[in-house]
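Okay, input_15.txt is below, compact mmCIF, C-alpha atoms:
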```
# COMPACT_ATOMS: atom_id res chain seq x y z
CA MET A 16 53.98 133.69 97.89
CA ILE A 17 55.88 132.35 100.92
CA GLU A 18 56.68 128.64 100.75
CA TYR A 19 57.63 126.26 103.55
CA TRP A 20 59.35 122.88 103.54
CA ASN A 21 57.39 121.75 106.60
CA PRO A 22 54.83 124.40 107.59
CA LEU A 23 53.59 122.46 110.65
CA VAL A 24 57.07 122.62 112.20
CA GLU A 25 58.26 125.95 110.81
CA ARG A 26 55.11 127.79 111.97
CA MET A 27 54.63 125.87 115.22
CA PRO A 28 53.42 128.10 118.08
CA ILE A 29 56.30 129.19 120.31
CA ASP A 30 54.88 127.55 123.45
CA GLU A 31 54.66 124.21 121.63
CA LEU A 32 58.22 124.62 120.36
CA GLU A 33 59.45 125.26 123.88
CA LYS A 34 57.61 122.21 125.22
CA MET A 35 59.29 120.14 122.49
CA GLN A 36 62.69 121.61 123.37
CA GLU A 37 62.17 120.85 127.06
CA LYS A 38 61.34 117.22 126.35
CA LYS A 39 64.29 116.82 123.98
CA LEU A 40 66.68 118.51 126.42
CA LYS A 41 65.76 116.10 129.21
CA ASN A 42 66.23 113.15 126.87
CA LEU A 43 69.54 114.56 125.64
CA VAL A 44 71.17 114.89 129.06
CA LYS A 45 70.16 111.31 129.91
CA TYR A 46 71.52 110.12 126.56
CA VAL A 47 74.95 111.75 126.86
CA TYR A 48 75.29 110.76 130.53
CA GLN A 49 74.75 107.12 129.55
CA HIS A 50 76.69 107.03 126.28
CA SER A 51 79.52 109.57 126.60
CA ASP A 52 82.37 109.03 129.06
CA PHE A 53 83.34 112.64 128.42
CA TYR A 54 79.97 114.11 129.42
CA LYS A 55 79.50 111.75 132.38
CA LYS A 56 82.84 112.91 133.76
CA ARG A 57 82.09 116.59 132.98
CA PHE A 58 78.64 116.41 134.62
CA ASP A 59 80.06 114.68 137.70
CA GLU A 60 82.77 117.35 138.00
CA PHE A 61 80.07 120.04 138.00
CA GLY A 62 77.83 118.11 140.39
CA VAL A 63 74.90 117.87 138.00
CA LYS A 64 72.80 114.78 137.27
CA PRO A 65 70.30 114.23 134.42
CA GLU A 66 67.39 114.38 136.88
CA ASP A 67 68.44 117.94 137.79
CA ILE A 68 67.32 119.13 134.32
CA GLN A 69 63.54 119.46 134.32
CA SER A 70 62.95 122.69 132.35
CA LEU A 71 64.64 125.04 129.89
CA ASP A 72 65.52 127.28 132.84
CA ASP A 73 67.76 124.48 134.11
CA LEU A 74 69.95 124.72 131.01
CA LYS A 75 72.29 127.12 132.80
CA LYS A 76 73.08 124.38 135.35
CA LEU A 77 74.88 122.44 132.62
CA PRO A 78 78.59 122.98 131.88
CA PHE A 79 79.83 124.51 128.64
CA THR A 80 81.54 122.48 125.93
CA TYR A 81 84.58 123.99 124.21
CA LYS A 82 86.37 123.37 120.93
CA VAL A 83 89.43 122.34 122.93
CA ASP A 84 87.36 119.44 124.30
CA LEU A 85 87.02 118.05 120.78
CA ARG A 86 90.74 118.42 120.24
CA ASP A 87 91.66 116.90 123.59
CA THR A 88 89.52 113.84 122.86
CA TYR A 89 90.74 113.51 119.26
CA PRO A 90 89.70 111.69 117.22
CA THR A 91 86.44 110.14 118.51
CA GLY A 92 86.55 110.40 122.29
CA MET A 93 83.33 112.42 122.51
CA PHE A 94 81.25 110.19 120.24
CA CYS A 95 78.15 108.53 121.67
CA VAL A 96 77.97 105.68 119.15
CA PRO A 97 80.53 103.08 118.00
CA ASN A 98 82.18 103.55 114.60
CA GLU A 99 80.08 100.79 113.00
CA GLN A 100 77.00 103.00 113.42
CA LEU A 101 78.60 105.90 111.52
CA VAL A 102 78.04 106.58 107.84
CA ARG A 103 80.49 109.49 107.45
CA PHE A 104 83.35 111.49 108.96
CA HIS A 105 84.20 115.14 108.36
CA VAL A 106 87.45 116.65 109.66
CA SER A 107 88.44 120.29 110.18
CA SER A 108 91.57 121.73 108.60
CA GLY A 109 93.42 121.98 111.89
CA THR A 110 94.98 125.29 110.86
CA THR A 111 94.62 126.70 114.39
CA GLY A 112 95.53 123.52 116.25
CA LYS A 113 94.62 119.85 116.40
CA PRO A 114 91.84 119.09 113.89
CA THR A 115 88.35 118.20 115.07
CA VAL A 116 86.54 115.11 113.83
CA VAL A 117 82.76 114.91 113.45
CA GLY A 118 80.96 111.63 112.90
CA TYR A 119 77.46 111.17 111.50
CA THR A 120 74.85 108.47 111.79
CA GLN A 121 72.29 108.21 109.00
CA ASN A 122 69.82 110.08 111.20
CA ASP A 123 72.39 112.87 111.64
CA ILE A 124 72.78 113.18 107.86
CA ASP A 125 69.00 113.20 107.44
CA MET A 126 68.63 115.96 110.08
CA TRP A 127 71.35 118.02 108.41
CA THR A 128 69.67 117.62 105.03
CA THR A 129 66.25 118.55 106.44
CA SER A 130 67.70 121.68 108.05
CA LEU A 131 69.08 122.87 104.73
CA ALA A 132 65.93 121.88 102.84
CA ARG A 133 63.92 124.17 105.11
CA ALA A 134 66.52 126.90 104.70
CA MET A 135 66.72 126.71 100.90
CA THR A 136 62.94 126.67 100.60
CA SER A 137 62.83 129.80 102.75
CA ILE A 138 64.92 131.71 100.16
CA GLY A 139 62.91 130.42 97.23
CA VAL A 140 65.36 127.78 96.00
CA GLY A 141 63.87 124.52 94.75
CA ARG A 142 62.81 122.50 91.75
CA GLY A 143 63.82 124.19 88.51
CA ASP A 144 66.89 125.82 90.02
CA ILE A 145 70.45 124.94 89.03
CA ILE A 146 72.69 125.46 92.04
CA GLN A 147 76.40 125.86 91.44
CA ILE A 148 78.27 124.88 94.58
CA GLY A 149 81.58 126.67 94.95
CA TYR A 150 82.31 125.47 98.47
CA GLY A 151 85.04 122.89 98.85
CA TYR A 152 84.11 119.22 98.72
CA GLY A 153 85.78 116.53 100.81
CA LEU A 154 86.65 116.75 104.50
CA PHE A 155 85.22 120.31 104.62
CA THR A 156 81.46 120.24 105.28
CA GLY A 157 80.42 123.13 103.01
CA GLY A 158 80.26 121.41 99.64
CA LEU A 159 78.50 118.17 100.59
CA GLY A 160 76.19 119.95 103.03
CA ALA A 161 74.85 122.35 100.40
CA HIS A 162 74.80 119.48 97.86
CA TYR A 163 72.51 117.25 99.93
CA GLY A 164 70.18 120.11 100.85
CA ALA A 165 69.88 121.25 97.24
CA GLU A 166 69.06 117.76 95.98
CA GLU A 167 66.49 117.34 98.75
CA VAL A 168 64.50 120.38 97.53
CA GLY A 169 64.64 119.13 93.93
CA ALA A 170 67.25 121.53 92.56
CA THR A 171 69.83 120.42 90.01
CA VAL A 172 73.33 120.46 91.49
CA LEU A 173 76.48 121.59 89.69
CA PRO A 174 79.27 120.43 92.09
CA ALA A 175 81.91 122.87 90.87
CA SER A 176 83.79 123.12 94.19
CA SER A 177 86.22 126.05 94.55
CA GLY A 178 88.88 127.19 92.10
CA ASN A 179 89.20 127.01 88.31
CA THR A 180 87.31 130.30 88.16
CA ASP A 181 87.32 130.79 84.38
CA ARG A 182 85.69 127.38 84.02
CA GLN A 183 83.17 128.23 86.75
CA ILE A 184 82.04 131.29 84.82
CA GLU A 185 81.82 129.31 81.58
CA LEU A 186 79.69 126.63 83.23
CA MET A 187 77.53 129.27 84.88
CA GLN A 188 76.70 130.61 81.42
CA ASP A 189 76.49 127.34 79.51
CA LEU A 190 74.38 125.41 82.05
CA GLY A 191 72.28 128.36 83.19
CA SER A 192 73.09 128.34 86.90
CA THR A 193 70.45 130.23 88.87
CA VAL A 194 72.01 129.89 92.36
CA ILE A 195 75.62 130.17 93.53
CA ALA A 196 76.82 128.88 96.92
CA CYS A 197 80.32 129.90 98.02
CA THR A 198 82.15 132.29 100.33
CA PRO A 199 81.39 135.98 99.67
CA SER A 200 85.13 136.52 99.12
CA TYR A 201 85.20 133.95 96.34
CA PHE A 202 82.10 135.39 94.69
CA LEU A 203 83.72 138.84 94.65
CA PHE A 204 86.75 137.30 92.98
CA MET A 205 84.50 135.43 90.55
CA ASN A 206 82.77 138.70 89.62
CA GLU A 207 86.14 140.39 89.13
CA VAL A 208 87.34 137.59 86.84
CA SER A 209 84.08 137.58 84.88
CA ASN A 210 84.38 141.32 84.26
CA ASN A 211 87.94 140.82 83.01
CA LEU A 212 86.60 138.18 80.62
CA GLY A 213 83.96 140.60 79.35
CA VAL A 214 81.13 138.68 81.03
CA SER A 215 78.52 140.43 83.14
CA ILE A 216 76.99 138.24 85.82
CA LYS A 217 74.03 140.61 85.89
CA ASP A 218 73.39 140.63 82.14
CA ASP A 219 75.00 137.48 80.74
CA THR A 220 73.95 134.79 83.25
CA ASN A 221 70.73 133.49 84.82
CA LEU A 222 72.09 133.87 88.34
CA ARG A 223 69.44 135.19 90.75
CA VAL A 224 70.43 133.96 94.25
CA GLY A 225 73.70 133.76 96.17
CA ILE A 226 74.14 131.68 99.35
CA PHE A 227 77.22 133.07 101.07
CA GLY A 228 78.89 131.99 104.28
CA ALA A 229 81.89 130.31 105.95
CA GLU A 230 83.23 133.77 106.87
CA PRO A 231 81.75 136.93 108.41
CA TRP A 232 80.51 139.54 105.92
CA SER A 233 78.70 142.81 106.46
CA GLU A 234 75.31 144.17 105.44
CA GLU A 235 77.16 146.81 103.43
CA MET A 236 78.96 144.06 101.52
CA ARG A 237 75.57 142.52 100.71
CA VAL A 238 74.47 145.81 99.17
CA ARG A 239 77.66 145.94 97.07
CA ILE A 240 77.17 142.38 95.82
CA GLU A 241 73.50 142.81 94.99
CA GLU A 242 74.01 146.10 93.15
CA ALA A 243 76.99 144.80 91.16
CA THR A 244 75.53 141.45 90.10
CA GLY A 245 71.75 141.82 90.31
CA ILE A 246 71.29 138.79 92.59
CA LYS A 247 69.69 138.42 96.02
CA ALA A 248 72.46 137.61 98.50
CA TYR A 249 71.62 135.44 101.52
CA ASP A 250 73.65 134.62 104.61
CA ILE A 251 74.17 130.93 105.53
CA TYR A 252 75.38 129.75 108.92
CA GLY A 253 76.72 126.64 110.58
CA THR A 254 79.90 125.09 111.92
CA SER A 255 81.54 121.76 111.22
CA GLU A 256 81.07 120.70 114.86
CA LEU A 257 77.30 121.16 114.60
CA SER A 258 77.17 119.29 111.23
CA GLY A 259 78.16 121.94 108.70
CA PRO A 260 76.10 124.68 107.02
CA LEU A 261 72.61 124.44 108.52
CA PHE A 262 70.66 127.70 108.48
CA THR A 263 69.99 130.68 106.22
CA GLU A 264 68.08 133.90 106.28
CA CYS A 265 64.61 133.76 104.78
CA GLN A 266 63.54 136.04 101.93
CA CYS A 267 62.95 138.82 104.50
CA GLN A 268 66.75 139.01 104.99
CA ASP A 269 66.25 139.91 108.64
CA GLY A 270 68.22 137.33 110.60
CA ILE A 271 69.02 133.64 110.27
CA HIS A 272 66.35 131.19 111.42
CA ILE A 273 67.68 128.54 113.84
CA TRP A 274 65.43 125.47 113.86
CA ALA A 275 64.31 125.23 117.48
CA ASP A 276 63.18 121.62 117.20
CA GLN A 277 66.81 120.66 116.43
CA PHE A 278 68.88 123.23 118.32
CA LEU A 279 68.66 125.26 121.51
CA ILE A 280 70.45 128.62 121.41
CA GLU A 281 71.70 131.10 123.99
CA VAL A 282 73.77 134.27 123.88
CA ILE A 283 76.15 134.69 126.81
CA ASP A 284 78.65 137.20 128.12
CA PRO A 285 81.91 135.72 126.79
CA GLU A 286 83.76 136.78 129.94
CA THR A 287 81.35 135.71 132.69
CA GLY A 288 79.33 132.99 130.93
CA GLU A 289 76.08 134.59 132.11
CA GLN A 290 73.05 134.33 129.83
CA LEU A 291 72.16 137.63 128.17
CA LYS A 292 68.71 138.94 127.39
CA GLU A 293 67.16 138.93 123.93
CA GLY A 294 68.60 141.79 121.90
CA GLU A 295 71.92 141.90 123.76
CA SER A 296 75.13 141.17 121.88
CA GLY A 297 77.25 138.26 123.07
CA GLU A 298 78.75 134.87 122.27
CA LEU A 299 76.51 132.28 120.65
CA VAL A 300 76.07 128.97 122.51
CA ILE A 301 74.24 126.04 120.91
CA THR A 302 72.92 122.75 122.30
CA THR A 303 72.12 120.04 119.75
CA LEU A 304 68.77 118.41 120.49
CA ALA A 305 68.68 115.70 117.83
CA LYS A 306 72.23 114.55 117.03
CA GLU A 307 73.20 110.95 117.76
CA ALA A 308 76.91 110.55 117.01
CA LEU A 309 78.29 113.80 118.42
CA PRO A 310 75.69 115.66 120.47
CA LEU A 311 76.99 118.88 122.02
CA ILE A 312 75.74 120.55 125.19
CA ARG A 313 76.12 124.31 125.55
CA TYR A 314 78.81 124.42 122.88
CA LYS A 315 80.57 127.79 122.82
CA ILE A 316 80.65 128.71 119.14
CA GLY A 317 82.82 131.81 119.50
CA ASP A 318 80.66 133.92 117.17
CA ILE A 319 79.32 137.26 118.41
CA THR A 320 75.66 137.88 117.58
CA ILE A 321 72.21 138.85 118.87
CA ILE A 322 69.16 136.61 119.31
CA SER A 323 65.73 137.77 118.19
CA LYS A 324 62.53 135.94 119.10
CA GLN A 325 60.31 138.60 117.54
CA PRO A 326 57.83 137.41 114.89
CA CYS A 327 59.29 137.27 111.39
CA GLU A 328 57.25 138.53 108.45
CA CYS A 329 57.76 135.16 106.74
CA GLY A 330 55.57 133.50 109.38
CA ARG A 331 58.27 131.21 110.79
CA THR A 332 58.25 131.13 114.57
CA HIS A 333 61.77 129.82 115.15
CA PRO A 334 64.27 132.23 116.74
CA ARG A 335 66.77 134.12 114.63
CA ILE A 336 70.33 135.21 115.10
CA MET A 337 71.26 138.54 113.62
CA ARG A 338 74.22 138.88 111.27
CA VAL A 339 77.37 137.60 113.00
CA LEU A 340 79.49 140.58 114.04
CA GLY A 341 82.67 138.52 114.17
CA ARG A 342 84.37 135.78 116.12
CA ALA A 343 85.52 136.32 119.67
CA ASP A 344 88.95 134.95 118.69
CA ASP A 345 89.10 137.22 115.61
CA MET A 346 88.68 140.33 117.73
CA LEU A 347 91.69 142.62 117.75
CA ILE A 348 92.56 144.66 120.82
CA ILE A 349 94.23 147.85 119.64
CA ARG A 350 95.37 150.18 122.40
CA GLY A 351 92.63 148.82 124.66
CA ILE A 352 89.88 149.12 122.01
CA ASN A 353 88.07 146.02 120.67
CA VAL A 354 88.03 145.93 116.86
CA PHE A 355 86.33 143.36 114.62
CA PRO A 356 87.35 143.07 110.94
CA GLY A 357 83.63 143.21 110.10
CA GLN A 358 83.43 146.73 111.53
CA VAL A 359 86.20 147.82 109.18
CA GLU A 360 84.46 146.20 106.20
CA SER A 361 81.17 147.85 107.13
CA VAL A 362 82.78 151.31 107.07
CA LEU A 363 84.75 150.75 103.85
CA MET A 364 81.77 149.40 101.90
CA GLN A 365 79.91 152.67 102.51
CA ILE A 366 82.62 154.66 100.70
CA PRO A 367 81.97 154.51 96.93
CA GLU A 368 85.60 155.04 95.94
CA VAL A 369 86.78 152.02 97.94
CA GLY A 370 86.90 148.59 96.30
CA GLU A 371 85.84 145.31 97.93
CA HIS A 372 89.32 144.11 98.87
CA PHE A 373 91.20 145.28 101.96
CA MET A 374 93.76 144.07 104.48
CA ILE A 375 94.26 145.01 108.14
CA VAL A 376 97.90 145.05 109.25
CA VAL A 377 98.75 145.42 112.93
CA ASP A 378 102.24 146.15 114.25
CA ARG A 379 103.73 147.13 117.60
CA VAL A 380 106.21 150.04 117.52
CA ASN A 381 107.84 151.19 120.78
CA GLU A 382 105.17 149.31 122.78
CA LEU A 383 102.40 151.11 120.87
CA ASP A 384 99.93 149.23 118.67
CA ILE A 385 99.69 150.61 115.14
CA MET A 386 96.79 149.57 112.89
CA LYS A 387 96.98 150.11 109.16
CA VAL A 388 94.26 149.36 106.62
CA GLN A 389 95.35 148.72 103.04
CA ILE A 390 92.58 149.28 100.49
CA GLU A 391 92.13 149.08 96.75
CA MET A 392 90.19 151.79 94.93
CA THR A 393 87.47 151.17 92.38
CA ASP A 394 88.36 151.66 88.71
CA GLU A 395 86.12 154.73 88.60
CA ALA A 396 87.89 156.35 91.54
CA PHE A 397 91.42 155.69 90.35
CA SER A 398 93.33 158.92 89.86
CA ASP A 399 96.95 159.79 89.28
CA LYS A 400 96.47 163.05 91.12
CA VAL A 401 98.37 162.84 94.39
CA ASN A 402 96.02 165.29 96.08
CA ASP A 403 92.98 163.14 95.23
CA ILE A 404 94.63 160.05 96.67
CA MET A 405 95.68 161.84 99.85
CA SER A 406 92.18 163.25 100.25
CA LEU A 407 90.60 159.80 99.93
CA GLU A 408 93.05 158.36 102.48
CA ARG A 409 92.12 161.13 104.94
CA ASN A 410 88.39 160.59 104.38
CA VAL A 411 88.66 156.83 104.93
CA ALA A 412 90.82 157.30 108.03
CA SER A 413 88.31 159.76 109.46
CA ALA A 414 85.37 157.41 108.82
CA LEU A 415 87.20 154.51 110.48
CA LYS A 416 88.16 156.58 113.51
CA HIS A 417 84.56 157.73 113.93
CA VAL A 418 83.36 154.10 114.21
CA LEU A 419 86.35 152.38 115.84
CA ASN A 420 87.34 155.22 118.21
CA ILE A 421 91.02 154.80 117.37
CA ALA A 422 93.30 156.44 114.81
CA VAL A 423 93.98 154.20 111.83
CA LYS A 424 96.56 154.64 109.11
CA VAL A 425 95.10 154.15 105.62
CA GLU A 426 97.18 153.08 102.66
CA LEU A 427 95.84 152.95 99.10
CA VAL A 428 97.45 150.07 97.24
CA GLU A 429 97.57 148.98 93.61
CA LYS A 430 94.55 147.08 92.35
CA GLY A 431 95.11 143.33 92.52
CA SER A 432 97.86 143.59 95.15
CA ILE A 433 95.67 142.31 97.99
CA PRO A 434 95.42 138.49 97.80
CA ARG A 435 92.15 137.07 96.47
CA SER A 436 90.55 134.03 98.08
CA MET A 437 88.73 131.00 96.72
CA GLY A 438 87.68 130.07 100.26
CA LYS A 439 87.80 131.94 103.53
CA ALA A 440 89.52 135.29 103.04
CA LYS A 441 92.41 136.31 105.26
CA LYS A 442 91.77 139.94 106.20
CA VAL A 443 94.17 140.45 109.11
CA ILE A 444 97.96 140.31 109.42
CA ASP A 445 98.93 140.70 113.07
CA ASN A 446 102.68 141.15 113.39
CA ARG A 447 102.64 141.64 117.15
CA ASN A 448 104.29 139.00 119.31
CA LEU A 449 101.38 138.60 121.72
```
In structure tokens, write the structure found in this file.
Amino acid sequence: MIEYWNPLVERMPIDELEKMQEKKLKNLVKYVYQHSDFYKKRFDEFGVKPEDIQSLDDLKKLPFTYKVDLRDTYPTGMFCVPNEQLVRFHVSSGTTGKPTVVGYTQNDIDMWTTSLARAMTSIGVGRGDIIQIGYGYGLFTGGLGAHYGAEEVGATVLPASSGNTDRQIELMQDLGSTVIACTPSYFLFMNEVSNNLGVSIKDDTNLRVGIFGAEPWSEEMRVRIEEATGIKAYDIYGTSELSGPLFTECQCQDGIHIWADQFLIEVIDPETGEQLKEGESGELVITTLAKEALPLIRYKIGDITIISKQPCECGRTHPRIMRVLGRADDMLIIRGINVFPGQVESVLMQIPEVGEHFMIVVDRVNELDIMKVQIEMTDEAFSDKVNDIMSLERNVASALKHVLNIAVKVELVEKGSIPRSMGKAKKVIDNRNL
């Protein structure tokens, strides 16, 4: 039986949803023009006034917002409310530049919580579940976001955070966790550690659902996870600038529902900025329709995906984004060919002898880009026969070349030599001085 958190909203006819979006969009542009010096200046530079936005078709008249805008106005230059109206800050790590700061009013927190309550209900998580949260708590949004959503649907929360993996597995057994929320990389590491401890997640725990996100992962990786651990693995999506984790797939596992009463989505050509048609792959752009402290207009996310507005079997009418193919800034250009780490993972996970851990290493030799993929074999495939190893390397290299259209060097490495991650996994080492 399919359950809904708010069936009237989640199953709202599309024409009614679009009318709601249109009304909220018009209110939004007036709001930011009046309350944000940043957006007033940006609108004036582009020659657009709030009264110019009368329909959803007018969205393309509005300028984009970029992550650099948040950094340039650090810490709170884009906020639309004074600090005394805020109830919380979250701050990005700043590993790729100046950190970004997001502020929340109580209404923003409530909207965030509602979004995740809808999402968790859509994957069958609710009262009676024990959800072990392995996302980091603190300035990072993952832990507290999942925490509030889980409590809202009546689940019992185990705020384990990341790390201390032996203890995580012990608590999973002792307290009967039924849901795990963490990065897919950390869950793979958790499964590896549990096996070393003689514990089978499939047979020795009550775990039935995994909520995995904060990094791109492939459909083939989902199959690996589900077969190895016996759980149903669901994709979760969001960014700290939008609030944090916000959306998941439903039980149909056919795209992530984006709540259209809260967010307006587009997919654009990342080079030209032109809107693309439904079903075309491009960069995701999101406009927040209900945020008070830090509303964002046409925010360029950087993730590459496809929008689907086709009816979902679950009955929800809100649009979906298909599995994120990768980030525009994660894309590697190797000898003129665009390569996403997710493409490599997708190929590797279809080869039974290949383990879940790999690393892409890119070098430049005599002005020529060289791409090498280091992989670990599964225990079953391990062989001390040199011919077997060389044959596997050739097979993997051939499969990668078939998909990527470039020659790739494959190197089998000792099990455990590729670094494990308790958060977002690092899968690329680019040694080129670009």
| query | So which one's closest to A:Gly151, A:Val116, A:Leu186, A:Ala229, A:Ala422? Using all atoms listed in the file, please. | reply |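 Distance minimum relative to A:Gly151 lands on A:Ala229.
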| said: Which residues are near stretch 296-300 of chain A? Cut-off 7 Å, all atoms listed in the file, ignore same chain within fewer than 6 positions. Put them as number ranges by chain. | reply: A: 280-285, 313-321
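Ranking A:Gly164, A:Gly178, A:Gly294, A:Gly191 by their shortest atom-to-atom distance to A:Gly143, with all atoms listed in the file included, puts A:Gly191 first.
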| said: For a quick check of understanding, using only C-alpha atoms, which of A:Asp87, A:Glu241, A:Glu429, A:Asp276 has the smallest distance to A:Glu33? | reply: A:Asp276
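Atom CA of A:Gly341 sits 27.7 Å away from atom CA of A:Thr180.
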| request: Select, from A:Val423, A:Leu74, A:Ile375, A:Val117, the residue with the minimum atom-to-atom distance to A:Leu40, counting all atoms listed in the file. | output: A:Leu74
| field | Among the residues A:Asp344, A:Glu289, A:Glu391, A:Asp219, the one that comes closest to A:Ile433 [using only C-alpha atoms] | value |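 With only C-alpha atoms as the atom set, the closest residue is A:Glu391.
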| What is the distance between atom CA of A:Arg239 and atom CA of A:Met364, in Å to one decimal? | 7.2 Å
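Taking atom CA of A:Arg223 and atom CA of A:Thr332 as the two end points, the separation is 26.6 Å.
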| task | Considering only C-alpha atoms, return as a PyMOL selection string whatever protein or nucleic-acid residues lie within 10 Å of A:Glu395, sequence-local ones (same chain, fewer than 5 positions apart) excluded. | result | chain A and resi 367-370
Put those residues in a file: C-alpha atoms, as an mmCIF file, keeping the file's coordinate frame.
```cif
data_model
loop_
_atom_site.group_PDB
_atom_site.id
_atom_site.type_symbol
_atom_site.label_atom_id
_atom_site.label_comp_id
_atom_site.auth_asym_id
_atom_site.auth_seq_id
_atom_site.Cartn_x
_atom_site.Cartn_y
_atom_site.Cartn_z
ATOM 1 C CA PRO A 367 81.970 154.510 96.930
ATOM 2 C CA GLU A 368 85.600 155.040 95.940
ATOM 3 C CA VAL A 369 86.780 152.020 97.940
ATOM 4 C CA GLY A 370 86.900 148.590 96.300
#
```
| said: Report as a VMD selection string all protein, DNA and RNA residues lying within 7 Å of A:Leu279, evaluated on only C-alpha atoms, omitting residues in the same chain fewer than 6 positions from it. | reply: chain A and resid 301 to 304
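Among the candidate residues A:Val83, A:Leu261, A:Met346, A:Val140, the one lying nearest to A:Trp274 is A:Leu261, with distances computed using only C-alpha atoms.
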| Can you list, as an MDAnalysis selection string, every protein, DNA or RNA residue that comes within 12 Å of A:Asp73 when you count only C-alpha atoms, leaving out same-chain residues fewer than 6 positions away? | chainID A and resid 37 40:41 44 63:67 290 313
What lies within 7 Å of A:Asp445 using only C-alpha atoms, ignoring chain neighbours under 6 positions off, as a short mmCIF file (atom, residue, chain, number, x, y, z; two decimals) with C-alpha atoms, keeping the file's coordinate frame?
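The resulting out-v2.cif:
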```
data_model
loop_
_atom_site.label_atom_id
_atom_site.label_comp_id
_atom_site.auth_asym_id
_atom_site.auth_seq_id
_atom_site.Cartn_x
_atom_site.Cartn_y
_atom_site.Cartn_z
CA VAL A 376 97.90 145.05 109.25
CA VAL A 377 98.75 145.42 112.93
CA ASP A 378 102.24 146.15 114.25
#
```
I'd like a table as JSON lines: residues in stretch 211-324 of chain A with an atom no more than 12 Å from stretch 53-62 of chain A, each row giving the shortest atom pair and its distance in Å to one decimal, only C-alpha atoms counted, sorted by chain and rising residue number.
```
{"residue": "A:Leu309", "atom": "CA", "partner": "A:Tyr54", "partner_atom": "CA", "distance": 11.1}
{"residue": "A:Pro310", "atom": "CA", "partner": "A:Tyr54", "partner_atom": "CA", "distance": 10.0}
{"residue": "A:Leu311", "atom": "CA", "partner": "A:Tyr54", "partner_atom": "CA", "distance": 9.3}
{"residue": "A:Ile312", "atom": "CA", "partner": "A:Tyr54", "partner_atom": "CA", "distance": 8.8}
{"residue": "A:Arg313", "atom": "CA", "partner": "A:Tyr54", "partner_atom": "CA", "distance": 11.6}
```
Can I get stretch 42-53 of chain A with N, CA and C atoms filled in, as a PDB file, in the frame of the given file?
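Wrote rebuild-v9.pdb, looks like this:
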```
ATOM      1  N   ASN A  42      65.771 114.397 127.481  1.00  0.00           N
ATOM      2  CA  ASN A  42      66.230 113.150 126.870  1.00  0.00           C
ATOM      3  C   ASN A  42      67.715 113.216 126.508  1.00  0.00           C
ATOM      4  N   LEU A  43      68.154 114.383 126.061  1.00  0.00           N
ATOM      5  CA  LEU A  43      69.540 114.560 125.640  1.00  0.00           C
ATOM      6  C   LEU A  43      70.508 114.351 126.808  1.00  0.00           C
ATOM      7  N   VAL A  44      70.230 114.994 127.949  1.00  0.00           N
ATOM      8  CA  VAL A  44      71.170 114.890 129.060  1.00  0.00           C
ATOM      9  C   VAL A  44      71.247 113.455 129.585  1.00  0.00           C
ATOM     10  N   LYS A  45      70.129 112.731 129.538  1.00  0.00           N
ATOM     11  CA  LYS A  45      70.160 111.310 129.910  1.00  0.00           C
ATOM     12  C   LYS A  45      70.998 110.520 128.914  1.00  0.00           C
ATOM     13  N   TYR A  46      70.832 110.838 127.632  1.00  0.00           N
ATOM     14  CA  TYR A  46      71.520 110.120 126.560  1.00  0.00           C
ATOM     15  C   TYR A  46      73.037 110.285 126.680  1.00  0.00           C
ATOM     16  N   VAL A  47      73.496 111.530 126.825  1.00  0.00           N
ATOM     17  CA  VAL A  47      74.950 111.750 126.860  1.00  0.00           C
ATOM     18  C   VAL A  47      75.547 111.212 128.159  1.00  0.00           C
ATOM     19  N   TYR A  48      74.783 111.270 129.253  1.00  0.00           N
ATOM     20  CA  TYR A  48      75.290 110.760 130.530  1.00  0.00           C
ATOM     21  C   TYR A  48      75.509 109.239 130.456  1.00  0.00           C
ATOM     22  N   GLN A  49      74.663 108.577 129.679  1.00  0.00           N
ATOM     23  CA  GLN A  49      74.750 107.120 129.550  1.00  0.00           C
ATOM     24  C   GLN A  49      75.741 106.670 128.479  1.00  0.00           C
ATOM     25  N   HIS A  50      75.931 107.492 127.444  1.00  0.00           N
ATOM     26  CA  HIS A  50      76.690 107.030 126.280  1.00  0.00           C
ATOM     27  C   HIS A  50      78.012 107.760 126.050  1.00  0.00           C
ATOM     28  N   SER A  51      78.292 108.808 126.809  1.00  0.00           N
ATOM     29  CA  SER A  51      79.520 109.570 126.600  1.00  0.00           C
ATOM     30  C   SER A  51      80.331 109.612 127.892  1.00  0.00           C
ATOM     31  N   ASP A  52      81.490 108.959 127.894  1.00  0.00           N
ATOM     32  CA  ASP A  52      82.370 109.030 129.060  1.00  0.00           C
ATOM     33  C   ASP A  52      82.771 110.466 129.348  1.00  0.00           C
ATOM     34  N   PHE A  53      82.950 111.244 128.264  1.00  0.00           N
ATOM     35  CA  PHE A  53      83.340 112.640 128.420  1.00  0.00           C
ATOM     36  C   PHE A  53      82.282 113.413 129.206  1.00  0.00           C
TER      37      PHE A  53
END
```
